[in-house]
$ cat run-v2.tsv   # TSV, C-alpha atoms
chain	number	residue	atom	x	y	z
A	1481	MET	CA	-0.09	14.76	-6.84
A	1482	LEU	CA	-3.12	12.71	-7.86
A	1483	TYR	CA	-4.42	9.91	-5.63
A	1484	ALA	CA	-7.19	7.38	-6.28
A	1485	ALA	CA	-8.23	4.42	-4.14
A	1486	SER	CA	-11.06	1.96	-3.96
A	1487	HIS	CA	-12.05	-0.70	-1.41
A	1488	TRP	CA	-14.48	-3.56	-1.76
A	1489	ALA	CA	-16.29	-5.53	0.94
A	1490	LEU	CA	-16.61	-9.15	-0.18
A	1491	PRO	CA	-18.44	-12.14	1.31
A	1492	ASP	CA	-16.94	-14.03	4.27
A	1493	ARG	CA	-15.54	-10.87	5.91
A	1494	TRP	CA	-12.96	-10.01	3.24
A	1495	LEU	CA	-11.94	-6.46	2.34
A	1496	LEU	CA	-9.87	-5.79	-0.79
A	1497	GLY	CA	-8.34	-2.50	-1.83
A	1498	ALA	CA	-6.35	-0.93	-4.64
A	1499	ASN	CA	-4.71	2.47	-4.93
A	1500	ALA	CA	-2.80	4.54	-7.45
A	1501	ILE	CA	-0.84	7.72	-6.92
A	1502	HIS	CA	0.83	9.95	-9.49
A	1503	ARG	CA	3.60	12.23	-8.32
A	1504	SER	CA	5.15	14.93	-10.46
A	1505	SER	CA	8.93	15.27	-10.64
A	1506	ARG	CA	10.54	16.47	-7.43
A	1507	PHE	CA	13.84	16.42	-5.60
A	1508	ARG	CA	15.20	13.87	-3.14
A	1509	ASP	CA	17.32	16.27	-1.09
A	1510	ASP	CA	17.14	19.79	0.36
A	1511	LEU	CA	19.75	21.13	-2.07
A	1512	ASN	CA	17.61	20.13	-5.08
A	1513	SER	CA	20.51	18.22	-6.63
A	1514	GLN	CA	18.98	14.72	-6.88
A	1515	LYS	CA	15.88	14.71	-9.05
A	1516	ILE	CA	13.15	12.09	-8.74
A	1517	GLY	CA	11.20	11.57	-11.96
A	1518	ALA	CA	7.44	11.75	-12.31
A	1519	GLY	CA	5.48	8.52	-12.34
A	1520	TRP	CA	2.82	6.27	-10.92
A	1521	ALA	CA	2.93	4.05	-7.84
A	1522	PHE	CA	0.35	1.35	-7.22
A	1523	GLY	CA	-0.67	-0.76	-4.25
A	1524	VAL	CA	-3.09	-3.52	-3.27
A	1525	SER	CA	-4.35	-4.71	0.11
A	1526	ALA	CA	-6.42	-7.55	1.55
A	1527	TYR	CA	-7.92	-7.95	5.03
A	1528	TRP	CA	-9.86	-10.78	6.65
A	1529	GLU	CA	-11.36	-11.05	10.13
A	1530	SER	CA	-12.87	-14.11	11.79
A	1531	ALA	CA	-16.54	-14.14	12.75
A	1532	ASP	CA	-15.70	-13.83	16.47
A	1533	LYS	CA	-13.30	-10.94	15.67
A	1534	ARG	CA	-10.43	-12.62	17.52
A	1535	SER	CA	-8.22	-13.33	14.51
A	1536	SER	CA	-7.37	-11.09	11.60
A	1537	VAL	CA	-4.97	-11.26	8.69
A	1538	GLN	CA	-3.81	-8.32	6.61
A	1539	GLY	CA	-1.57	-8.12	3.56
A	1540	VAL	CA	-0.35	-5.00	1.77
A	1541	LEU	CA	1.75	-4.85	-1.38
A	1542	ASP	CA	2.81	-1.26	-1.98
A	1543	ASN	CA	5.24	0.94	-3.93
A	1544	LEU	CA	4.75	-0.84	-7.25
A	1545	LEU	CA	6.29	1.84	-9.45
A	1546	SER	CA	5.62	2.45	-13.13
A	1547	ARG	CA	9.21	3.72	-13.45
A	1548	LYS	CA	12.04	2.79	-11.07
A	1549	ASN	CA	13.24	6.41	-10.80
A	1550	ALA	CA	9.75	7.69	-9.91
A	1551	GLY	CA	10.08	7.02	-6.18
A	1552	VAL	CA	12.37	7.82	-3.29
A	1553	ASP	CA	12.93	4.07	-2.89
A	1554	SER	CA	12.37	1.86	-5.93
A	1555	LYS	CA	11.75	-1.35	-3.98
A	1556	ALA	CA	8.25	-2.76	-3.63
A	1557	ARG	CA	7.08	-3.44	-0.07
A	1558	LEU	CA	5.14	-6.43	1.20
A	1559	MET	CA	3.64	-6.37	4.68
A	1560	LEU	CA	1.85	-9.35	6.24
A	1561	ARG	CA	0.22	-9.13	9.65
A	1562	TYR	CA	-1.63	-11.62	11.79
A	1563	ALA	CA	-3.36	-10.56	14.99
A	1564	TYR	CA	-5.03	-12.61	17.70
A	1565	ARG	CA	-7.11	-10.82	20.33
A	1566	PHE	CA	-7.49	-12.49	23.72

$ encode --input "run-v2.tsv" --output "structure tokens"
Amino acid sequence: MLYAASHWALPDRWLLGANAIHRSSRFRDDLNSQKIGAGWAFGVSAYWESADKRSSVQGVLDNLLSRKNAGVDSKARLMLRYAYRF
């Protein structure tokens, strides 16, 4: 497995990130009967926090596969989160 990631701090309290992971071929089950092919998976993230640190927004787009049979689940995932701190 090879993993690389980078994050950048931008003006106005923004953080951006990108990652890439390469996994060699492996098996989905304990009996080694369902093979998962080798391939890359990519992801991106963004985070923003207000100046008073009460509000924050985060977005993550993950499991962007180079080949659909290179992951346990071939669907991309999008996560959005808003938080307000009292």

$ closest_residue --input "run-v2.tsv" --among "A:Leu1545, A:Ala1531, A:Ile1516, A:Ala1550" --to "Arg1493 in chain A" --atoms "all atoms listed in the file"
A:Ala1531

$ closest_residue --input "run-v2.tsv" --among "A:Gln1538, A:Ser1513, A:Ser1530, A:Ser1504" --to "Gly1551 in chain A" --atoms "only C-alpha atoms"
A:Ser1504

$ atom_distance --input "run-v2.tsv" --atom1 "CA of Ala1521 in chain A" --atom2 "CA of Val1537 in chain A"
23.9 Å

$ closest_residue --input "run-v2.tsv" --among "A:Ala1498, A:Arg1503, A:Trp1520, A:Arg1508" --to "Lys1548 in chain A" --atoms "all atoms listed in the file"
A:Trp1520

$ atom_distance --input "run-v2.tsv" --atom1 "CA of Leu1558 in chain A" --atom2 "CA of Leu1541 in chain A"
4.5 Å

$ residues_near_point --input "run-v2.tsv" --point "(-11.3, -3.2, -1.9)" --cutoff "9 Å" --atoms "only C-alpha atoms" --output "list in words"
Ala1485, Ser1486, His1487, Trp1488, Ala1489, Leu1490, Trp1494, Leu1495, Leu1496, Gly1497, Ala1498, Val1524, Ser1525 and Ala1526 of chain A

$ atom_distance --input "run-v2.tsv" --atom1 "CA of Asp1492 in chain A" --atom2 "CA of Gly1539 in chain A"
16.5 Å

$ closest_residue --input "run-v2.tsv" --among "A:Arg1557, A:Phe1522, A:Asn1549, A:Asp1542" --to "Phe1507 in chain A" --atoms "only C-alpha atoms"
A:Asn1549

$ axis_aligned_box --input "run-v2.tsv" --around "range 1540-1549 of chain A" --padding-each-side "8 Å" --output "lines of an AutoDock Vina configuration file"
center_x = 6.4
center_y = 0.7
center_z = -5.8
size_x = 29.6
size_y = 27.4
size_z = 31.2

$ closest_residue --input "run-v2.tsv" --among "A:Ala1484, A:Val1552, A:Ile1501, A:Val1540" --to "Gly1517 in chain A" --atoms "all atoms listed in the file"
A:Val1552

$ residues_around --input "run-v2.tsv" --residues "Tyr1483 in chain A" --least-positions-apart "6" --cutoff "8 Å" --atoms "only C-alpha atoms" --output "PyMOL selection string"
chain A and resi 1499-1502

$ closest_residue --input "run-v2.tsv" --among "A:Tyr1527, A:Asn1543, A:Pro1491, A:Leu1511" --to "Lys1555 in chain A" --atoms "only C-alpha atoms"
A:Asn1543

$ decode --input "run-v2.tsv" --residues "range 1483-1507 of chain A" --atoms "N, CA and C atoms" --output "tab-separated table (two decimals), in the first residue's frame"
chain	number	residue	atom	x	y	z
A	1483	TYR	N	0.56	5.50	0.25
A	1483	TYR	CA	-0.37	6.57	0.61
A	1483	TYR	C	0.35	7.91	0.55
A	1484	ALA	N	-0.27	8.89	-0.08
A	1484	ALA	CA	0.27	10.25	-0.14
A	1484	ALA	C	-0.86	11.24	0.10
A	1485	ALA	N	-0.58	12.27	0.88
A	1485	ALA	CA	-1.59	13.28	1.17
A	1485	ALA	C	-0.92	14.63	1.33
A	1486	SER	N	-1.68	15.66	1.05
A	1486	SER	CA	-1.18	17.01	1.23
A	1486	SER	C	-2.33	17.91	1.66
A	1487	HIS	N	-2.04	18.87	2.52
A	1487	HIS	CA	-3.05	19.82	2.99
A	1487	HIS	C	-2.49	21.23	2.87
A	1488	TRP	N	-3.36	22.15	2.52
A	1488	TRP	CA	-2.96	23.54	2.35
A	1488	TRP	C	-3.83	24.44	3.20
A	1489	ALA	N	-3.20	25.37	3.89
A	1489	ALA	CA	-3.90	26.41	4.65
A	1489	ALA	C	-3.99	27.64	3.74
A	1490	LEU	N	-5.22	28.07	3.47
A	1490	LEU	CA	-5.47	29.19	2.58
A	1490	LEU	C	-5.98	30.39	3.37
A	1491	PRO	N	-6.02	31.56	2.77
A	1491	PRO	CA	-6.56	32.74	3.45
A	1491	PRO	C	-8.03	32.53	3.86
A	1492	ASP	N	-8.47	33.34	4.78
A	1492	ASP	CA	-9.86	33.33	5.27
A	1492	ASP	C	-10.25	32.02	5.95
A	1493	ARG	N	-9.29	31.38	6.61
A	1493	ARG	CA	-9.53	30.20	7.44
A	1493	ARG	C	-10.00	28.97	6.66
A	1494	TRP	N	-9.52	28.79	5.46
A	1494	TRP	CA	-9.82	27.62	4.65
A	1494	TRP	C	-8.67	26.62	4.72
A	1495	LEU	N	-9.00	25.36	4.79
A	1495	LEU	CA	-8.04	24.26	4.67
A	1495	LEU	C	-8.50	23.37	3.53
A	1496	LEU	N	-7.60	23.04	2.62
A	1496	LEU	CA	-7.91	22.13	1.51
A	1496	LEU	C	-6.95	20.95	1.57
A	1497	GLY	N	-7.43	19.79	1.18
A	1497	GLY	CA	-6.59	18.60	1.21
A	1497	GLY	C	-6.86	17.70	0.03
A	1498	ALA	N	-5.87	16.90	-0.30
A	1498	ALA	CA	-5.99	15.89	-1.35
A	1498	ALA	C	-5.19	14.67	-0.92
A	1499	ASN	N	-5.69	13.48	-1.28
A	1499	ASN	CA	-4.95	12.27	-0.95
A	1499	ASN	C	-5.08	11.26	-2.07
A	1500	ALA	N	-4.12	10.36	-2.11
A	1500	ALA	CA	-4.09	9.27	-3.08
A	1500	ALA	C	-3.56	8.04	-2.37
A	1501	ILE	N	-4.17	6.91	-2.65
A	1501	ILE	CA	-3.72	5.65	-2.06
A	1501	ILE	C	-3.73	4.58	-3.14
A	1502	HIS	N	-2.65	3.82	-3.20
A	1502	HIS	CA	-2.58	2.69	-4.13
A	1502	HIS	C	-2.59	1.41	-3.31
A	1503	ARG	N	-3.50	0.53	-3.65
A	1503	ARG	CA	-3.57	-0.76	-2.97
A	1503	ARG	C	-3.29	-1.86	-3.99
A	1504	SER	N	-2.48	-2.82	-3.59
A	1504	SER	CA	-2.21	-3.96	-4.47
A	1504	SER	C	-3.44	-4.86	-4.48
A	1505	SER	N	-3.44	-5.87	-5.34
A	1505	SER	CA	-4.59	-6.77	-5.39
A	1505	SER	C	-4.69	-7.53	-4.07
A	1506	ARG	N	-5.91	-7.82	-3.69
A	1506	ARG	CA	-6.18	-8.49	-2.42
A	1506	ARG	C	-7.52	-9.19	-2.54
A	1507	PHE	N	-7.96	-9.80	-1.45
A	1507	PHE	CA	-9.21	-10.55	-1.49
A	1507	PHE	C	-10.25	-9.90	-0.59
